[in-house]
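Asker: Pasting a structure below so you can have a look.
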Amino acid sequence: ASVAALGPQLRATLEEAGGLFVKLGQVASTRSDLLPPELCDELALLQSHVRPDPEDLIRVQLEEELGMPAEQAFATFDWQPLASASIAQVYAATDHEGRPWVVKVRRPGLEEQIERDSEAVLLLARIIERHTALGLRMSPTNLAEEFLAGVHEELDFRVEVGNARSLAAATPADAGV
């Protein structure tokens, strides 16, 4: 099969597998030094065009975190996602004072899925490392461990909040950011 035909199939397979495998596709999309450009372009669609989870699943996840119904926590909440990616979905809301909010909700069951998939990725990396010439040259186990550490950091939204606060503190108010 041609790369043009393989790309959409690979993207759909990674999207169906979800979580960690979408992240793997996202990282692969940035490696035009290793993969054909057509394949990178197709995998790049995984950056922000991942099929969203349905509202009922996200609602349960959000309200569990909030400790109350979304309608109580916010004056308005638009259940149509602004973006949907491998880790979370993003929504627009307003608080009771009328201020706009962007609400990021982690996909339900994601941590358990990532843990399970992490074991599979590490096992595959070990097999490649022990049984292929590529494995001897590239140390896929180290690459997999670095990748997984990055994913675990991305799951902790407190890191993202800290980064956003640092960016806000370092950015002049009139910068338009």
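Ordering of the structure tokens sets the chain letters (A, B, ...), residue numbers begin anew at 1 in every chain, and ligands are numbered from 1 in the order given.
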Apply DSSP to the structure's backbone, then extract all residues of chain A labelled strand (DSSP E or B) and return them as a ChimeraX atom specification.
Answerer: /A:49,76-84,88-94,100-106
Asker: Would you return as a ChimeraX atom specification the members of range 70-157 of chain A that DSSP assigns to alpha helix (DSSP H) on this structure's backbone?
Answerer: /A:70-73,110-131,133-138,140-155,157
Asker: From the set A:Leu6, A:Ala88, A:Ala17, A:Leu57, which residue has the shortest atom-to-atom contact distance to Phe157 in chain A, counting only C-alpha atoms?
Answerer: A:Ala88
Asker: Just the residues within 9 Å of Phe74 in chain A, please, counting only C-alpha atoms, with nothing from its chain fewer than 5 positions along; format it as a list in words.
Answerer: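 Near Phe74 in chain A, the qualifying residues are Pro69, Ala93, Thr94, Asp95 and His96 of chain A.
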Asker: Could those residues be written to a file, using C-alpha atoms, as an mmCIF file, in the first residue's frame?
Answerer:
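File selection-v2.cif, as written:
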```cif
data_model
loop_
_atom_site.group_PDB
_atom_site.id
_atom_site.type_symbol
_atom_site.label_atom_id
_atom_site.label_comp_id
_atom_site.auth_asym_id
_atom_site.auth_seq_id
_atom_site.Cartn_x
_atom_site.Cartn_y
_atom_site.Cartn_z
ATOM 1 C CA PRO A 69 -23.192 19.970 38.547
ATOM 2 C CA ALA A 93 -17.846 28.543 29.947
ATOM 3 C CA THR A 94 -18.650 31.683 31.904
ATOM 4 C CA ASP A 95 -18.671 32.060 35.658
ATOM 5 C CA HIS A 96 -21.450 33.675 37.661
#
```
Asker: Any idea what's packed within 12 Å of range 111-128 of chain A, counting only C-alpha atoms, ignoring anything in its chain fewer than 2 positions away? Could you give it as JSON, numbers by chain?
Answerer: {"A": [17, 18, 19, 20, 21, 22, 23, 24, 86, 87, 88, 106, 107, 108, 109, 130, 131, 132, 133, 134, 135, 136, 137, 138, 139, 140, 141, 142, 143, 144, 145, 146, 147, 148, 149, 150, 151, 152, 153, 154, 155, 156]}
Asker: Using only C-alpha atoms, which protein or nucleic acid residues come within 10 Å of Gln80 in chain A? Drop anything in the same chain fewer than 2 positions from it, and give the result as a list in words.
Answerer: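 Final neighbour list, sorted by chain and number: Pro52, Pro54, Glu55, Phe77, Asp78, Leu82, Ala83, Ser84, Gln89, Val90, Tyr91 and Ala92 of chain A.
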Asker: Restricting the output to all heavy atoms, write the selected residues as a CSV table (one decimal), in the first residue's frame.
Answerer:
```csv
chain,number,residue,atom,x,y,z
A,52,PRO,N,-14.1,13.5,19.8
A,52,PRO,CA,-14.4,13.8,21.2
A,52,PRO,C,-15.2,12.7,21.9
A,52,PRO,O,-15.9,12.0,21.2
A,52,PRO,CB,-15.2,15.1,21.1
A,52,PRO,CG,-15.8,15.1,19.7
A,52,PRO,CD,-14.8,14.4,18.9
A,54,PRO,N,-18.3,11.5,24.2
A,54,PRO,CA,-19.6,12.1,24.3
A,54,PRO,C,-19.8,12.9,25.6
A,54,PRO,O,-19.1,12.7,26.6
A,54,PRO,CB,-20.5,10.9,24.3
A,54,PRO,CG,-19.7,9.7,24.5
A,54,PRO,CD,-18.3,10.1,24.2
A,55,GLU,N,-20.8,13.8,25.5
A,55,GLU,CA,-21.0,14.8,26.6
A,55,GLU,C,-21.3,14.0,27.9
A,55,GLU,O,-20.8,14.4,29.0
A,55,GLU,CB,-22.2,15.6,26.3
A,55,GLU,CG,-22.6,16.6,27.4
A,55,GLU,CD,-23.9,17.3,27.1
A,55,GLU,OE1,-24.2,17.7,26.0
A,55,GLU,OE2,-24.6,17.6,28.1
A,77,PHE,N,-22.2,26.8,30.2
A,77,PHE,CA,-21.2,25.9,29.8
A,77,PHE,C,-21.6,25.3,28.4
A,77,PHE,O,-22.6,24.7,28.3
A,77,PHE,CB,-21.1,24.7,30.8
A,77,PHE,CG,-19.9,23.9,30.7
A,77,PHE,CD1,-18.8,24.1,31.5
A,77,PHE,CD2,-19.8,22.9,29.8
A,77,PHE,CE1,-17.6,23.4,31.4
A,77,PHE,CE2,-18.7,22.1,29.6
A,77,PHE,CZ,-17.6,22.3,30.4
A,78,ASP,N,-20.7,25.5,27.4
A,78,ASP,CA,-21.0,25.0,26.1
A,78,ASP,C,-20.4,23.6,25.9
A,78,ASP,O,-19.2,23.4,26.0
A,78,ASP,CB,-20.3,26.0,25.1
A,78,ASP,CG,-20.7,25.6,23.6
A,78,ASP,OD1,-21.3,24.5,23.4
A,78,ASP,OD2,-20.3,26.3,22.7
A,82,LEU,N,-14.3,23.0,22.2
A,82,LEU,CA,-13.5,23.9,21.4
A,82,LEU,C,-12.4,23.1,20.7
A,82,LEU,O,-12.0,23.4,19.6
A,82,LEU,CB,-12.9,25.0,22.2
A,82,LEU,CG,-13.8,25.9,22.9
A,82,LEU,CD1,-13.1,26.8,23.9
A,82,LEU,CD2,-14.5,26.8,21.9
A,83,ALA,N,-11.9,22.1,21.4
A,83,ALA,CA,-10.8,21.2,20.9
A,83,ALA,C,-10.9,19.9,21.6
A,83,ALA,O,-11.4,19.8,22.7
A,83,ALA,CB,-9.5,21.8,21.1
A,84,SER,N,-10.4,18.9,20.9
A,84,SER,CA,-10.5,17.5,21.5
A,84,SER,C,-9.1,16.9,21.1
A,84,SER,O,-8.8,16.8,19.9
A,84,SER,CB,-11.6,16.7,20.9
A,84,SER,OG,-11.7,15.4,21.4
A,89,GLN,N,-10.4,17.3,26.6
A,89,GLN,CA,-11.2,18.1,25.7
A,89,GLN,C,-11.3,19.5,26.4
A,89,GLN,O,-11.3,19.6,27.6
A,89,GLN,CB,-12.6,17.4,25.6
A,89,GLN,CG,-12.4,16.2,24.8
A,89,GLN,CD,-13.7,15.3,24.7
A,89,GLN,OE1,-13.6,14.2,24.3
A,89,GLN,NE2,-14.9,15.9,24.9
A,90,VAL,N,-11.5,20.5,25.6
A,90,VAL,CA,-11.6,21.9,26.1
A,90,VAL,C,-12.9,22.5,25.7
A,90,VAL,O,-13.4,22.3,24.6
A,90,VAL,CB,-10.4,22.7,25.4
A,90,VAL,CG1,-10.5,24.1,25.9
A,90,VAL,CG2,-9.1,22.1,25.8
A,91,TYR,N,-13.5,23.2,26.7
A,91,TYR,CA,-14.8,23.8,26.6
A,91,TYR,C,-14.8,25.3,27.0
A,91,TYR,O,-14.0,25.7,27.8
A,91,TYR,CB,-15.8,23.1,27.5
A,91,TYR,CG,-16.0,21.6,27.1
A,91,TYR,CD1,-15.1,20.6,27.7
A,91,TYR,CD2,-16.9,21.2,26.2
A,91,TYR,CE1,-15.2,19.3,27.3
A,91,TYR,CE2,-17.1,19.9,25.9
A,91,TYR,CZ,-16.2,18.9,26.4
A,91,TYR,OH,-16.4,17.6,26.1
A,92,ALA,N,-15.8,26.0,26.5
A,92,ALA,CA,-16.0,27.4,26.8
A,92,ALA,C,-17.1,27.5,27.9
A,92,ALA,O,-18.1,26.8,27.8
A,92,ALA,CB,-16.4,28.2,25.6
```
Asker: Just the residues within 12 Å of range 29-37 of chain A, please, counting only C-alpha atoms, with nothing from its chain fewer than 5 positions along; format it as a CSV table (one decimal) with N, CA, C and O atoms, in the first residue's frame.
Answerer:
```
chain,number,residue,atom,x,y,z
A,2,SER,N,0.4,2.3,-0.7
A,2,SER,CA,1.2,3.5,-0.7
A,2,SER,C,1.1,4.2,0.6
A,2,SER,O,0.2,4.0,1.4
A,3,VAL,N,2.0,5.2,0.8
A,3,VAL,CA,2.0,6.0,2.0
A,3,VAL,C,0.7,6.8,2.1
A,3,VAL,O,0.1,7.0,3.2
A,4,ALA,N,0.2,7.3,0.9
A,4,ALA,CA,-1.0,8.0,0.9
A,4,ALA,C,-2.2,7.2,1.4
A,4,ALA,O,-3.0,7.7,2.1
A,6,LEU,N,-1.8,4.4,3.4
A,6,LEU,CA,-1.5,4.0,4.7
A,6,LEU,C,-1.8,5.0,5.8
A,6,LEU,O,-2.2,4.7,6.9
A,7,GLY,N,-1.5,6.3,5.5
A,7,GLY,CA,-1.6,7.4,6.5
A,7,GLY,C,-3.0,7.4,7.1
A,7,GLY,O,-3.1,7.4,8.4
A,10,LEU,N,-3.5,4.3,9.4
A,10,LEU,CA,-2.7,4.4,10.6
A,10,LEU,C,-3.3,5.4,11.6
A,10,LEU,O,-3.4,5.1,12.8
A,11,ARG,N,-3.7,6.6,11.1
A,11,ARG,CA,-4.3,7.6,12.0
A,11,ARG,C,-5.5,7.1,12.6
A,11,ARG,O,-5.7,7.2,13.8
A,22,VAL,N,-2.5,7.7,20.5
A,22,VAL,CA,-2.7,9.0,19.9
A,22,VAL,C,-1.5,9.9,20.1
A,22,VAL,O,-1.0,10.5,19.2
A,23,LYS,N,-1.0,9.9,21.4
A,23,LYS,CA,0.2,10.7,21.7
A,23,LYS,C,1.4,10.2,20.9
A,23,LYS,O,2.2,11.0,20.4
A,24,LEU,N,1.5,8.9,20.7
A,24,LEU,CA,2.6,8.3,19.9
A,24,LEU,C,2.5,8.8,18.5
A,24,LEU,O,3.5,9.2,17.9
A,42,GLU,N,-0.6,13.4,7.8
A,42,GLU,CA,-1.8,12.7,8.2
A,42,GLU,C,-1.8,12.6,9.7
A,42,GLU,O,-2.8,12.8,10.4
A,43,LEU,N,-0.7,12.2,10.3
A,43,LEU,CA,-0.6,12.0,11.7
A,43,LEU,C,-0.7,13.3,12.5
A,43,LEU,O,-1.2,13.4,13.6
A,44,ALA,N,-0.4,14.4,11.8
A,44,ALA,CA,-0.5,15.7,12.4
A,44,ALA,C,-2.0,16.1,12.7
A,44,ALA,O,-2.3,16.9,13.6
A,45,LEU,N,-2.9,15.4,12.0
A,45,LEU,CA,-4.3,15.6,12.3
A,45,LEU,C,-4.7,15.2,13.7
A,45,LEU,O,-5.7,15.6,14.3
A,46,LEU,N,-3.8,14.3,14.3
A,46,LEU,CA,-4.1,13.8,15.7
A,46,LEU,C,-3.8,14.9,16.7
A,46,LEU,O,-4.1,14.8,17.9
A,47,GLN,N,-3.1,16.0,16.3
A,47,GLN,CA,-2.8,17.1,17.2
A,47,GLN,C,-4.0,17.7,17.9
A,47,GLN,O,-4.0,18.0,19.1
```
Asker: For Asp41 in chain A, which of A:Pro8, A:Thr13, A:Arg59, A:Arg99 is the closest residue, counting only C-alpha atoms?
Answerer: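 With only C-alpha atoms as the atom set, the closest residue is A:Pro8.
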Asker: From the list A:Leu110, A:Val105, A:Ala85, A:Ala175, which residue is nearest Glu63 in chain A when using only C-alpha atoms?
Answerer: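 Using only C-alpha atoms, Glu63 in chain A sits closest to A:Val105.
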Asker: Just to confirm, what's the straight-line distance from CA of Lys104 in chain A to CA of Ser166 in chain A in Å (one decimal)?
Answerer: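 Between these atoms lies a distance of 18.5 Å.
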